[in-house]
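Colleague: mmCIF, C-alpha atoms, file structure-v6.cif:
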```cif
data_final
loop_
_atom_site.label_atom_id
_atom_site.label_comp_id
_atom_site.auth_asym_id
_atom_site.auth_seq_id
_atom_site.Cartn_x
_atom_site.Cartn_y
_atom_site.Cartn_z
CA MET Y 8 -117.95 -11.75 72.03
CA ARG Y 9 -119.66 -8.35 71.98
CA MET Y 10 -118.99 -5.49 69.56
CA ALA Y 11 -116.58 -3.71 71.97
CA GLU Y 12 -114.44 -6.84 72.33
CA LEU Y 13 -114.52 -7.50 68.58
CA SER Y 14 -113.21 -3.98 68.03
CA ALA Y 15 -110.46 -4.36 70.65
CA GLU Y 16 -109.36 -7.79 69.36
CA SER Y 17 -109.17 -6.74 65.72
CA GLY Y 18 -107.87 -3.22 66.27
CA VAL Y 19 -110.68 -1.82 64.12
CA PRO Y 20 -112.74 1.06 65.66
CA VAL Y 21 -116.42 0.31 66.49
CA ALA Y 22 -117.73 2.88 63.98
CA THR Y 23 -115.66 1.24 61.22
CA VAL Y 24 -116.86 -2.25 62.21
CA LYS Y 25 -120.48 -1.00 61.96
CA TYR Y 26 -119.73 0.50 58.56
CA TYR Y 27 -118.30 -2.83 57.30
CA LEU Y 28 -121.43 -4.61 58.60
CA ARG Y 29 -123.69 -2.17 56.72
CA GLU Y 30 -121.61 -2.57 53.53
CA GLY Y 31 -121.80 -6.36 53.78
CA LEU Y 32 -118.00 -6.81 54.02
CA LEU Y 33 -118.45 -8.40 57.45
CA PRO Y 34 -121.22 -11.01 57.95
CA PRO Y 35 -123.73 -10.13 60.70
CA GLY Y 36 -123.23 -11.54 64.22
CA GLU Y 37 -125.66 -13.87 65.94
CA ARG Y 38 -128.47 -11.67 67.32
CA THR Y 39 -128.92 -12.08 71.13
CA SER Y 40 -131.39 -9.22 71.71
CA PRO Y 41 -132.99 -6.51 69.50
CA ASN Y 42 -129.87 -4.33 69.74
CA GLN Y 43 -127.09 -6.76 70.62
CA ALA Y 44 -125.24 -9.45 68.69
CA ARG Y 45 -122.52 -11.97 69.42
CA TYR Y 46 -119.42 -12.22 67.23
CA SER Y 47 -116.91 -15.04 66.79
CA ALA Y 48 -113.20 -15.53 66.13
CA ALA Y 49 -114.09 -15.71 62.42
CA HIS Y 50 -115.29 -12.09 62.65
CA VAL Y 51 -111.99 -11.02 64.20
CA GLN Y 52 -110.03 -12.74 61.42
CA ARG Y 53 -112.25 -11.21 58.72
CA LEU Y 54 -111.68 -7.72 60.17
CA ARG Y 55 -107.90 -8.26 60.23
CA LEU Y 56 -108.03 -9.35 56.60
CA ILE Y 57 -110.01 -6.26 55.59
CA LYS Y 58 -107.49 -4.09 57.45
CA ALA Y 59 -104.53 -5.75 55.69
CA LEU Y 60 -106.21 -5.41 52.28
CA ALA Y 61 -106.91 -1.72 52.88
CA GLU Y 62 -103.75 -0.62 54.68
CA VAL Y 63 -101.05 -2.86 53.22
CA GLY Y 64 -102.65 -3.72 49.87
CA GLY Y 65 -104.03 -0.20 49.37
CA LEU Y 66 -107.31 -1.64 48.04
CA SER Y 67 -110.54 0.37 47.84
CA LEU Y 68 -113.59 -0.96 49.72
CA ALA Y 69 -115.14 -1.91 46.36
CA SER Y 70 -112.08 -4.06 45.52
CA ILE Y 71 -112.08 -5.57 48.99
CA GLY Y 72 -115.71 -6.57 48.42
CA VAL Y 73 -114.78 -8.33 45.15
CA VAL Y 74 -111.86 -10.16 46.80
CA LEU Y 75 -113.93 -11.30 49.81
CA SER Y 76 -116.77 -12.53 47.56
CA ALA Y 77 -114.17 -14.54 45.64
CA ILE Y 78 -112.76 -16.23 48.73
CA ASP Y 79 -116.27 -16.86 50.11
CA GLY Y 80 -117.47 -18.26 46.76
CA ASP Y 81 -117.10 -21.79 45.48
CA GLU Y 82 -114.31 -21.30 42.94
CA THR Y 83 -111.19 -23.48 43.16
CA PRO Y 84 -108.07 -22.15 44.95
CA HIS Y 85 -106.32 -21.65 41.59
CA ARG Y 86 -109.12 -19.50 40.16
CA THR Y 87 -109.60 -17.58 43.39
CA MET Y 88 -105.96 -16.52 43.33
CA GLY Y 89 -106.53 -15.23 39.80
CA VAL Y 90 -109.38 -12.98 40.97
CA VAL Y 91 -107.26 -11.67 43.87
CA GLN Y 92 -104.36 -10.86 41.52
CA GLN Y 93 -106.69 -8.95 39.17
CA GLU Y 94 -108.03 -6.73 41.95
CA LEU Y 95 -104.61 -6.12 43.47
CA ALA Y 96 -103.08 -5.16 40.14
CA GLY Y 97 -105.48 -2.25 39.62
CA PRO Y 98 -105.79 -0.44 36.29
CA ALA Y 99 -102.54 -0.08 34.30
CA PRO Y 100 -101.06 3.41 33.66
CA LYS Y 101 -101.36 4.76 30.09
CA VAL Y 102 -98.39 4.42 27.74
CA SER Y 103 -97.79 5.19 24.04
CA GLU Y 104 -98.88 2.59 21.49
CA GLU Y 105 -95.33 2.23 20.16
CA ALA Y 106 -93.83 1.53 23.59
CA ALA Y 107 -96.67 -0.86 24.47
CA GLU Y 108 -96.00 -2.82 21.28
CA TRP Y 109 -92.30 -3.06 22.08
CA ALA Y 110 -93.10 -4.23 25.62
CA SER Y 111 -95.61 -6.84 24.42
CA GLY Y 112 -92.96 -8.17 22.03
CA ARG Y 113 -90.43 -8.53 24.86
CA LEU Y 114 -92.99 -10.36 26.96
CA GLU Y 115 -93.99 -12.68 24.10
CA ASP Y 116 -90.31 -13.60 23.60
CA LEU Y 117 -90.00 -14.30 27.29
CA VAL Y 118 -93.13 -16.44 27.41
CA ARG Y 119 -91.95 -18.41 24.37
CA ARG Y 120 -88.54 -19.08 25.91
CA THR Y 121 -89.85 -20.03 29.34
CA GLY Y 122 -92.74 -22.09 27.99
CA TRP Y 123 -95.14 -20.19 30.28
CA LYS Y 124 -98.77 -20.15 29.31
CA TRP Y 125 -99.48 -16.83 27.65
CA HIS Y 126 -101.98 -14.44 29.19
CA ALA Y 127 -104.23 -12.12 27.28
CA PRO Y 128 -103.37 -8.43 27.84
CA GLU Y 129 -106.89 -8.08 29.30
CA ASN Y 130 -105.32 -9.66 32.38
CA ARG Y 131 -104.52 -6.67 34.58
CA ALA Y 132 -101.30 -8.14 36.00
CA VAL Y 133 -100.03 -8.51 32.43
CA ALA Y 134 -101.31 -5.04 31.43
CA ASN Y 135 -99.41 -3.53 34.37
CA LEU Y 136 -96.26 -5.46 33.50
CA ILE Y 137 -96.49 -4.25 29.88
CA ALA Y 138 -97.04 -0.64 31.06
CA ALA Y 139 -93.97 -0.81 33.34
CA LEU Y 140 -91.76 -2.25 30.56
CA ALA Y 141 -93.14 0.33 28.11
CA THR Y 142 -92.37 3.16 30.54
CA ALA Y 143 -88.73 2.00 30.72
CA LYS Y 144 -88.65 2.18 26.89
CA GLU Y 145 -90.26 5.66 26.82
CA LEU Y 146 -87.62 6.89 29.27
CA GLY Y 147 -84.80 5.52 27.08
CA HIS Y 148 -83.95 2.94 29.72
CA GLU Y 149 -84.57 -0.30 27.75
CA LYS Y 150 -81.21 -1.38 29.23
CA LEU Y 151 -82.99 -1.98 32.55
CA VAL Y 152 -85.01 -4.82 31.08
CA GLU Y 153 -82.28 -6.42 28.97
CA ARG Y 154 -81.86 -9.07 31.67
CA LEU Y 155 -85.58 -9.80 31.89
CA ASP Y 156 -85.04 -13.54 31.37
CA GLU Y 157 -82.83 -13.81 34.46
CA GLN Y 158 -85.35 -11.79 36.47
CA ALA Y 159 -88.17 -14.04 35.25
CA ASP Y 160 -86.17 -17.10 36.32
CA LEU Y 161 -85.78 -15.63 39.82
CA ALA Y 162 -89.49 -14.67 39.90
CA MET Y 163 -90.30 -18.28 39.07
CA ARG Y 164 -88.29 -19.45 42.08
CA VAL Y 165 -90.04 -16.98 44.37
CA ALA Y 166 -93.41 -18.14 43.01
CA ALA Y 167 -92.45 -21.77 43.60
CA ILE Y 168 -91.78 -20.96 47.28
CA ASP Y 169 -95.11 -19.07 47.46
CA VAL Y 170 -97.11 -22.00 46.13
CA GLU Y 171 -95.21 -24.65 48.13
CA VAL Y 172 -95.99 -22.78 51.34
CA LEU Y 173 -99.68 -22.48 50.35
CA ALA Y 174 -99.92 -26.17 49.52
CA GLY Y 175 -98.70 -26.98 53.04
CA TRP Y 176 -101.96 -25.82 54.66
CA GLU Y 177 -104.33 -28.53 55.80
CA SER Y 178 -107.63 -27.27 54.32
CA VAL Y 179 -108.67 -25.70 51.03
CA ASP Y 180 -110.21 -22.74 52.88
CA LYS Y 181 -106.89 -22.07 54.60
CA ILE Y 182 -105.02 -22.42 51.27
CA ILE Y 183 -107.34 -19.81 49.76
CA GLU Y 184 -106.92 -17.43 52.69
CA ALA Y 185 -103.13 -17.91 52.58
CA GLY Y 186 -103.18 -17.27 48.83
CA LEU Y 187 -104.87 -13.95 49.50
CA VAL Y 188 -102.42 -13.02 52.25
CA THR Y 189 -99.37 -13.97 50.22
CA THR Y 190 -100.61 -12.02 47.22
CA VAL Y 191 -101.21 -8.90 49.36
CA LEU Y 192 -98.06 -9.10 51.48
CA GLY Y 193 -95.69 -11.05 49.26
CA ASP Y 194 -94.81 -8.27 46.82
CA ARG Y 195 -94.27 -5.82 49.69
CA ILE Y 196 -92.00 -8.22 51.53
CA PHE Y 197 -89.96 -9.02 48.45
CA ALA Y 198 -89.66 -5.34 47.49
CA GLY Y 199 -88.43 -4.57 51.03
CA LEU Y 200 -85.82 -7.35 50.82
CA ARG Y 201 -84.75 -6.13 47.38
CA HIS Y 202 -84.31 -2.56 48.65
CA LEU Y 203 -82.20 -3.77 51.57
CA ALA Y 204 -80.18 -5.91 49.16
CA GLN Y 205 -79.76 -3.03 46.67
CA GLU Y 206 -78.38 -0.97 49.51
CA GLN Y 207 -75.75 -3.67 50.20
CA VAL Y 208 -74.73 -4.16 46.57
CA SER Y 209 -74.85 -0.47 45.71
CA ARG Y 210 -72.56 0.26 48.68
CA GLU Y 211 -70.00 -2.20 47.28
CA VAL Y 212 -70.28 -1.39 43.59
CA LEU Y 213 -71.22 2.30 43.53
CA GLY Y 214 -70.21 3.32 47.06
CA GLY Y 215 -66.89 4.84 46.05
CA LEU Y 216 -68.26 6.60 42.98
CA PRO Y 217 -68.25 10.41 43.42
CA ARG Y 218 -70.52 12.86 41.63
CA ASP Y 219 -69.29 14.03 38.17
CA MET F 17 -88.86 23.58 20.85
CA ARG F 18 -91.98 25.53 21.85
CA MET F 19 -94.42 24.63 24.62
CA ALA F 20 -96.86 22.90 22.21
CA GLU F 21 -94.14 20.62 20.90
CA LEU F 22 -92.83 19.92 24.41
CA SER F 23 -96.32 18.83 25.39
CA ALA F 24 -96.73 16.62 22.31
CA GLU F 25 -93.28 15.00 22.69
CA SER F 26 -93.71 14.21 26.38
CA GLY F 27 -97.39 13.32 26.29
CA VAL F 28 -98.05 15.79 29.15
CA PRO F 29 -100.91 18.33 28.57
CA VAL F 30 -99.86 22.02 28.27
CA ALA F 31 -101.78 23.03 31.42
CA THR F 32 -99.94 20.33 33.40
CA VAL F 33 -96.56 21.40 31.98
CA LYS F 34 -97.30 25.00 33.11
CA TYR F 35 -98.26 23.73 36.54
CA TYR F 36 -94.97 21.80 36.87
CA LEU F 37 -93.07 24.97 35.81
CA ARG F 38 -94.87 27.02 38.51
CA GLU F 39 -94.18 24.33 41.13
CA GLY F 40 -90.49 24.26 40.18
CA LEU F 41 -90.55 20.55 39.21
CA LEU F 42 -89.54 21.51 35.67
CA PRO F 43 -86.75 24.10 35.17
CA PRO F 44 -87.79 27.18 33.09
CA GLY F 45 -87.07 27.23 29.37
CA GLU F 46 -84.80 29.78 27.66
CA ARG F 47 -86.86 32.96 27.25
CA THR F 48 -87.08 34.10 23.59
CA SER F 49 -89.70 36.86 24.02
CA PRO F 50 -91.76 38.21 26.95
CA ASN F 51 -94.29 35.40 26.59
CA GLN F 52 -92.41 32.66 24.80
CA ALA F 53 -89.67 30.26 25.78
CA ARG F 54 -87.66 27.52 24.13
CA TYR F 55 -87.38 24.04 25.66
CA SER F 56 -84.85 21.27 25.07
CA ALA F 57 -84.70 17.48 24.97
CA ALA F 58 -83.76 17.61 28.68
CA HIS F 59 -87.20 19.13 29.39
CA VAL F 60 -88.92 16.31 27.51
CA GLN F 61 -86.97 13.71 29.52
CA ARG F 62 -87.74 15.47 32.82
CA LEU F 63 -91.47 15.49 31.98
CA ARG F 64 -91.39 11.78 31.16
CA LEU F 65 -89.67 11.10 34.47
CA ILE F 66 -92.29 13.10 36.40
CA LYS F 67 -95.05 11.20 34.58
CA ALA F 68 -93.46 7.82 35.44
CA LEU F 69 -92.99 8.83 39.09
CA ALA F 70 -96.63 9.95 39.36
CA GLU F 71 -98.41 7.30 37.28
CA VAL F 72 -96.29 4.19 37.78
CA GLY F 73 -94.65 5.05 41.11
CA GLY F 74 -97.84 6.58 42.53
CA LEU F 75 -95.80 9.42 44.11
CA SER F 76 -97.35 12.69 45.26
CA LEU F 77 -96.02 15.92 43.72
CA ALA F 78 -94.30 16.70 47.04
CA SER F 79 -92.44 13.36 46.92
CA ILE F 80 -91.57 13.90 43.27
CA GLY F 81 -90.03 17.27 44.26
CA VAL F 82 -87.86 15.57 46.92
CA VAL F 83 -86.72 12.88 44.47
CA LEU F 84 -85.88 15.38 41.71
CA SER F 85 -83.93 17.61 44.11
CA ALA F 86 -81.95 14.54 45.15
CA ILE F 87 -81.01 13.60 41.60
CA ASP F 88 -80.21 17.24 40.73
CA GLY F 89 -78.10 17.65 43.90
CA ASP F 90 -74.49 16.72 44.39
CA GLU F 91 -74.86 13.58 46.48
CA THR F 92 -73.14 10.39 45.30
CA PRO F 93 -75.12 7.79 43.30
CA HIS F 94 -75.22 5.48 46.32
CA ARG F 95 -76.74 8.12 48.60
CA THR F 96 -79.13 9.38 45.94
CA MET F 97 -80.60 5.91 45.56
CA GLY F 98 -81.17 5.90 49.32
CA VAL F 99 -83.25 9.09 49.12
CA VAL F 100 -85.28 7.71 46.21
CA GLN F 101 -86.00 4.48 48.12
CA GLN F 102 -87.19 6.45 51.17
CA GLU F 103 -89.68 8.49 49.15
CA LEU F 104 -90.94 5.51 47.19
CA ALA F 105 -91.47 3.44 50.33
CA GLY F 106 -93.97 5.93 51.80
CA PRO F 107 -95.12 5.74 55.43
CA ALA F 108 -95.53 2.22 56.84
CA PRO F 109 -99.00 0.94 57.88
CA LYS F 110 -99.66 0.65 61.62
CA VAL F 111 -99.27 -2.71 63.33
CA SER F 112 -99.46 -3.95 66.94
CA GLU F 113 -96.35 -3.61 69.07
CA GLU F 114 -96.21 -7.35 69.70
CA ALA F 115 -96.30 -8.22 66.00
CA ALA F 116 -93.76 -5.49 65.17
CA GLU F 117 -91.36 -6.92 67.75
CA TRP F 118 -91.71 -10.40 66.30
CA ALA F 119 -91.09 -9.04 62.78
CA SER F 120 -88.02 -7.05 63.87
CA GLY F 121 -86.62 -10.20 65.46
CA ARG F 122 -87.08 -12.16 62.23
CA LEU F 123 -85.35 -9.41 60.29
CA GLU F 124 -82.46 -9.20 62.77
CA ASP F 125 -81.91 -12.97 62.43
CA LEU F 126 -81.90 -12.62 58.68
CA VAL F 127 -79.46 -9.72 58.70
CA ARG F 128 -77.15 -11.63 61.05
CA ARG F 129 -77.16 -14.72 58.83
CA THR F 130 -76.68 -12.84 55.56
CA GLY F 131 -74.08 -10.46 56.96
CA TRP F 132 -76.02 -7.50 55.55
CA LYS F 133 -75.48 -4.16 57.15
CA TRP F 134 -78.38 -3.50 59.50
CA HIS F 135 -80.66 -0.54 58.93
CA ALA F 136 -82.34 1.44 61.63
CA PRO F 137 -86.15 1.07 61.65
CA GLU F 138 -86.29 4.81 60.92
CA ASN F 139 -85.48 3.74 57.37
CA ARG F 140 -88.88 3.64 55.67
CA ALA F 141 -88.07 0.66 53.44
CA VAL F 142 -87.24 -1.30 56.62
CA ALA F 143 -90.31 0.05 58.45
CA ASN F 144 -92.52 -1.11 55.57
CA LEU F 145 -90.87 -4.51 55.51
CA ILE F 146 -91.40 -4.89 59.26
CA ALA F 147 -95.06 -3.82 58.90
CA ALA F 148 -95.66 -6.39 56.15
CA LEU F 149 -94.04 -9.21 58.17
CA ALA F 150 -95.97 -8.11 61.27
CA THR F 151 -99.25 -8.15 59.34
CA ALA F 152 -98.58 -11.78 58.32
CA LYS F 153 -98.12 -12.56 62.01
CA GLU F 154 -101.31 -10.71 63.03
CA LEU F 155 -103.25 -12.70 60.45
CA GLY F 156 -101.88 -15.99 61.83
CA HIS F 157 -99.89 -16.55 58.63
CA GLU F 158 -96.33 -16.62 60.01
CA LYS F 159 -95.92 -19.69 57.80
CA LEU F 160 -95.70 -17.38 54.78
CA VAL F 161 -92.43 -15.94 56.00
CA GLU F 162 -90.84 -19.15 57.25
CA ARG F 163 -88.76 -19.27 54.06
CA LEU F 164 -87.63 -15.67 54.35
CA ASP F 165 -83.95 -16.61 54.02
CA GLU F 166 -84.49 -18.17 50.61
CA GLN F 167 -86.51 -15.15 49.51
CA ALA F 168 -83.75 -12.83 50.73
CA ASP F 169 -81.20 -14.83 48.76
CA LEU F 170 -83.28 -14.42 45.60
CA ALA F 171 -83.78 -10.70 46.35
CA MET F 172 -80.00 -10.38 46.60
CA ARG F 173 -79.63 -11.86 43.12
CA VAL F 174 -82.23 -9.49 41.68
CA ALA F 175 -80.45 -6.56 43.35
CA ALA F 176 -77.11 -7.70 41.91
CA ILE F 177 -78.63 -7.56 38.41
CA ASP F 178 -80.10 -4.12 39.19
CA VAL F 179 -76.77 -2.67 40.24
CA GLU F 180 -74.75 -4.37 37.46
CA VAL F 181 -77.05 -2.82 34.86
CA LEU F 182 -76.73 0.60 36.53
CA ALA F 183 -72.96 0.39 36.67
CA GLY F 184 -72.92 -0.21 32.88
CA TRP F 185 -73.95 3.39 32.14
CA GLU F 186 -71.21 5.71 30.92
CA SER F 187 -71.78 8.76 33.18
CA VAL F 188 -72.63 9.26 36.83
CA ASP F 189 -75.68 11.38 35.89
CA LYS F 190 -77.00 8.52 33.77
CA ILE F 191 -76.32 6.03 36.59
CA ILE F 192 -78.33 8.21 38.95
CA GLU F 193 -81.22 8.57 36.51
CA ALA F 194 -81.17 4.81 35.86
CA GLY F 195 -81.15 4.20 39.62
CA LEU F 196 -84.32 6.26 39.92
CA VAL F 197 -85.99 4.48 37.01
CA THR F 198 -85.07 1.02 38.24
CA THR F 199 -86.32 1.81 41.74
CA VAL F 200 -89.66 3.09 40.39
CA LEU F 201 -90.22 0.42 37.75
CA GLY F 202 -88.21 -2.51 39.09
CA ASP F 203 -90.60 -3.60 41.84
CA ARG F 204 -93.58 -3.36 39.46
CA ILE F 205 -91.82 -5.42 36.82
CA PHE F 206 -90.73 -8.08 39.29
CA ALA F 207 -94.21 -8.22 40.86
CA GLY F 208 -95.71 -8.67 37.37
CA LEU F 209 -93.28 -11.51 36.59
CA ARG F 210 -94.00 -13.12 39.96
CA HIS F 211 -97.77 -13.01 39.37
CA LEU F 212 -97.36 -14.60 35.95
CA ALA F 213 -95.08 -17.22 37.51
CA GLN F 214 -97.51 -17.86 40.40
CA GLU F 215 -100.21 -18.50 37.82
CA GLN F 216 -97.99 -21.15 36.16
CA VAL F 217 -97.00 -22.89 39.38
CA SER F 218 -100.45 -22.62 40.95
CA ARG F 219 -101.97 -24.24 37.85
CA GLU F 220 -99.61 -27.21 38.26
CA VAL F 221 -99.74 -27.58 42.03
CA LEU F 222 -103.21 -26.35 42.98
CA GLY F 223 -104.95 -26.59 39.58
CA GLY F 224 -106.66 -29.90 40.27
CA LEU F 225 -107.67 -29.01 43.82
CA PRO F 226 -111.47 -28.61 44.16
CA ARG F 227 -113.30 -26.53 46.74
CA ASP F 228 -113.95 -28.29 50.08
#
```
Can you present the structure in this file as structure tokens?
Modeller:
Amino acid sequence: MRMAELSAESGVPVATVKYYLREGLLPPGERTSPNQARYSAAHVQRLRLIKALAEVGGLSLASIGVVLSAIDGDETPHRTMGVVQQELAGPAPKVSEEAAEWASGRLEDLVRRTGWKWHAPENRAVANLIAALATAKELGHEKLVERLDEQADLAMRVAAIDVEVLAGWESVDKIIEAGLVTTVLGDRIFAGLRHLAQEQVSREVLGGLPRD
Amino acid sequence: MRMAELSAESGVPVATVKYYLREGLLPPGERTSPNQARYSAAHVQRLRLIKALAEVGGLSLASIGVVLSAIDGDETPHRTMGVVQQELAGPAPKVSEEAAEWASGRLEDLVRRTGWKWHAPENRAVANLIAALATAKELGHEKLVERLDEQADLAMRVAAIDVEVLAGWESVDKIIEAGLVTTVLGDRIFAGLRHLAQEQVSREVLGGLPRD
């Protein structure tokens, strides 16, 4: 297909498609004349992925570049998912040393009890988790994480569904693409379900509660 | 306490504290002389909340203003949590009409089966959920949401923990503050746990899988 059709199919404006080509996020089409090229269904899919990473995942173009290089590389599916998680996590917010120490302790206890493999705090997903736990502590709301073990157990069940669905794809390339999509969309979908569910439970439990 | 101490206690720079005072996000201190004021522990807590909303929640100052007005207002805890969820959700990314219709259908099925009260798509949390489901569809990854019912069941259990912990606070003001904190931090904490859990499961299930 030509550029105009590629743009229409993917929902990405022509100027933006050209920008992605210049930046190397989108591989060049097959040249058919000095100023025309032909694009394939793979180009449409790549543009949709970039759009999802930017608009739903909130990733910068630099991060999108890192993620796409990872899925185009020759790393195993397991390692590729690790790279995707790192980029999606982004840098962790700053917290006080005292609160960070408390949070790391809570997480170490959890990891010991669950038998999970421990991750170095250099891992951004872990650094963000520690920062969120530490922020609860700084706000005097440690109470909110006193049932962390139960939450971790539920997170494990969600993750098991995630990976089972991935493993159902027929090719490794599809598994890797699905891993990317589930990492980008999965947290949003679960957060949306949780908010809907909170609304139900809060209506029952807190619904009748007036203001002081 | 004086301004310098307020800044040190909260970890917010003096210039930023002054800016929040001018913007009305932080109530004025008790004036002790024409150019000095005294601040209380409530000011420290408010500054920590603003910091968490901005740095962990990623909220704009305008959204933080809306959220703080809600918790300072006289709405019930249940309604206040609704306002907080709306602001935290932010505007939903754009998706095609066809995909949005498919996603709404999936969500309606889910709501019918679970007996949840249905929310209008004007609700931003719902709009974001629909956009995320629709993006999966656009990417040809409907498979990722084929186990949505199980995920919703797990989300319900997480939400039950959330609300039980809230209901354990002794005053309505504390319940409301805790509702805000759990909405801002809760999704981050669960996402962190899920990523750690995905790493465990992916190692087991996909760990041995090579690249094609």
Colleague: For the structure shown, which residues end up in the PyMOL selection byres ((chain Y and resi 17-33) around 8)? Put them as an NGL selection string, please?
Modeller: :Y and (10-11 or 13-16 or 34-35 or 50-55 or 58 or 71-72 or 75)
Colleague: So which one's closest to Val179 of chain F, Y:Glu211, Y:Glu105, Y:Glu94, Y:Asp156? Using all atoms listed in the file, please.
Modeller: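 Nearest to Val179 of chain F: Y:Glu211.
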Colleague: Which one of F:Leu222, F:Leu75, F:Leu212, F:Ala119 sits closest to Gln93 of chain Y if you count only C-alpha atoms?
Modeller: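 Checking each of F:Leu222, F:Leu75, F:Leu212, F:Ala119 against Gln93 of chain Y, counting only C-alpha atoms, the winner is F:Leu212.
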Colleague: Determine the residue set returned by the PyMOL selection byres ((chain Y and resi 115) around 12) for the present structure, and present it as a list in words.
Modeller: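 So the PyMOL selection byres ((chain Y and resi 115) around 12) ends up selecting Glu108, Trp109, Ala110, Ser111, Gly112, Arg113, Leu114, Asp116, Leu117, Val118, Arg119, Arg120, Thr121, Gly122, Trp123, Lys124, Trp125, His126, Ala127, Pro128, Val133, Ile137, Leu155 and Asp156 of chain Y.
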Colleague: For the atom pair atom CA of Arg86 of chain Y and atom CA of Ser70 of chain Y, what is the interatomic distance in Å to one decimal place?
Modeller: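 Interatomic distance here is 16.6 Å.
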Colleague: Identify all residues satisfying the PyMOL selection byres ((chain Y and resi 182) around 10) in the given file; provide them as a PDB file with C-alpha atoms, in the frame of the given file.
Modeller:
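Result saved to expr.pdb:
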```pdb
ATOM      1  CA  PRO Y  84    -108.070 -22.150  44.950  1.00  0.00           C
ATOM      2  CA  HIS Y  85    -106.320 -21.650  41.590  1.00  0.00           C
ATOM      3  CA  MET Y  88    -105.960 -16.520  43.330  1.00  0.00           C
ATOM      4  CA  VAL Y 170     -97.110 -22.000  46.130  1.00  0.00           C
ATOM      5  CA  VAL Y 172     -95.990 -22.780  51.340  1.00  0.00           C
ATOM      6  CA  LEU Y 173     -99.680 -22.480  50.350  1.00  0.00           C
ATOM      7  CA  ALA Y 174     -99.920 -26.170  49.520  1.00  0.00           C
ATOM      8  CA  GLY Y 175     -98.700 -26.980  53.040  1.00  0.00           C
ATOM      9  CA  TRP Y 176    -101.960 -25.820  54.660  1.00  0.00           C
ATOM     10  CA  GLU Y 177    -104.330 -28.530  55.800  1.00  0.00           C
ATOM     11  CA  SER Y 178    -107.630 -27.270  54.320  1.00  0.00           C
ATOM     12  CA  VAL Y 179    -108.670 -25.700  51.030  1.00  0.00           C
ATOM     13  CA  ASP Y 180    -110.210 -22.740  52.880  1.00  0.00           C
ATOM     14  CA  LYS Y 181    -106.890 -22.070  54.600  1.00  0.00           C
ATOM     15  CA  ILE Y 183    -107.340 -19.810  49.760  1.00  0.00           C
ATOM     16  CA  GLU Y 184    -106.920 -17.430  52.690  1.00  0.00           C
ATOM     17  CA  ALA Y 185    -103.130 -17.910  52.580  1.00  0.00           C
ATOM     18  CA  GLY Y 186    -103.180 -17.270  48.830  1.00  0.00           C
ATOM     19  CA  LEU Y 187    -104.870 -13.950  49.500  1.00  0.00           C
ATOM     20  CA  VAL Y 188    -102.420 -13.020  52.250  1.00  0.00           C
TER      21      VAL Y 188
ATOM     22  CA  LEU F 222    -103.210 -26.350  42.980  1.00  0.00           C
TER      23      LEU F 222
END
```
Colleague: With all atoms listed in the file as the atoms that count, which of Y:Thr83, Y:Ser103, Y:Val74, Y:Val152 lies nearest to chain F?
Modeller: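 Result for the nearest residue to chain F: Y:Thr83.
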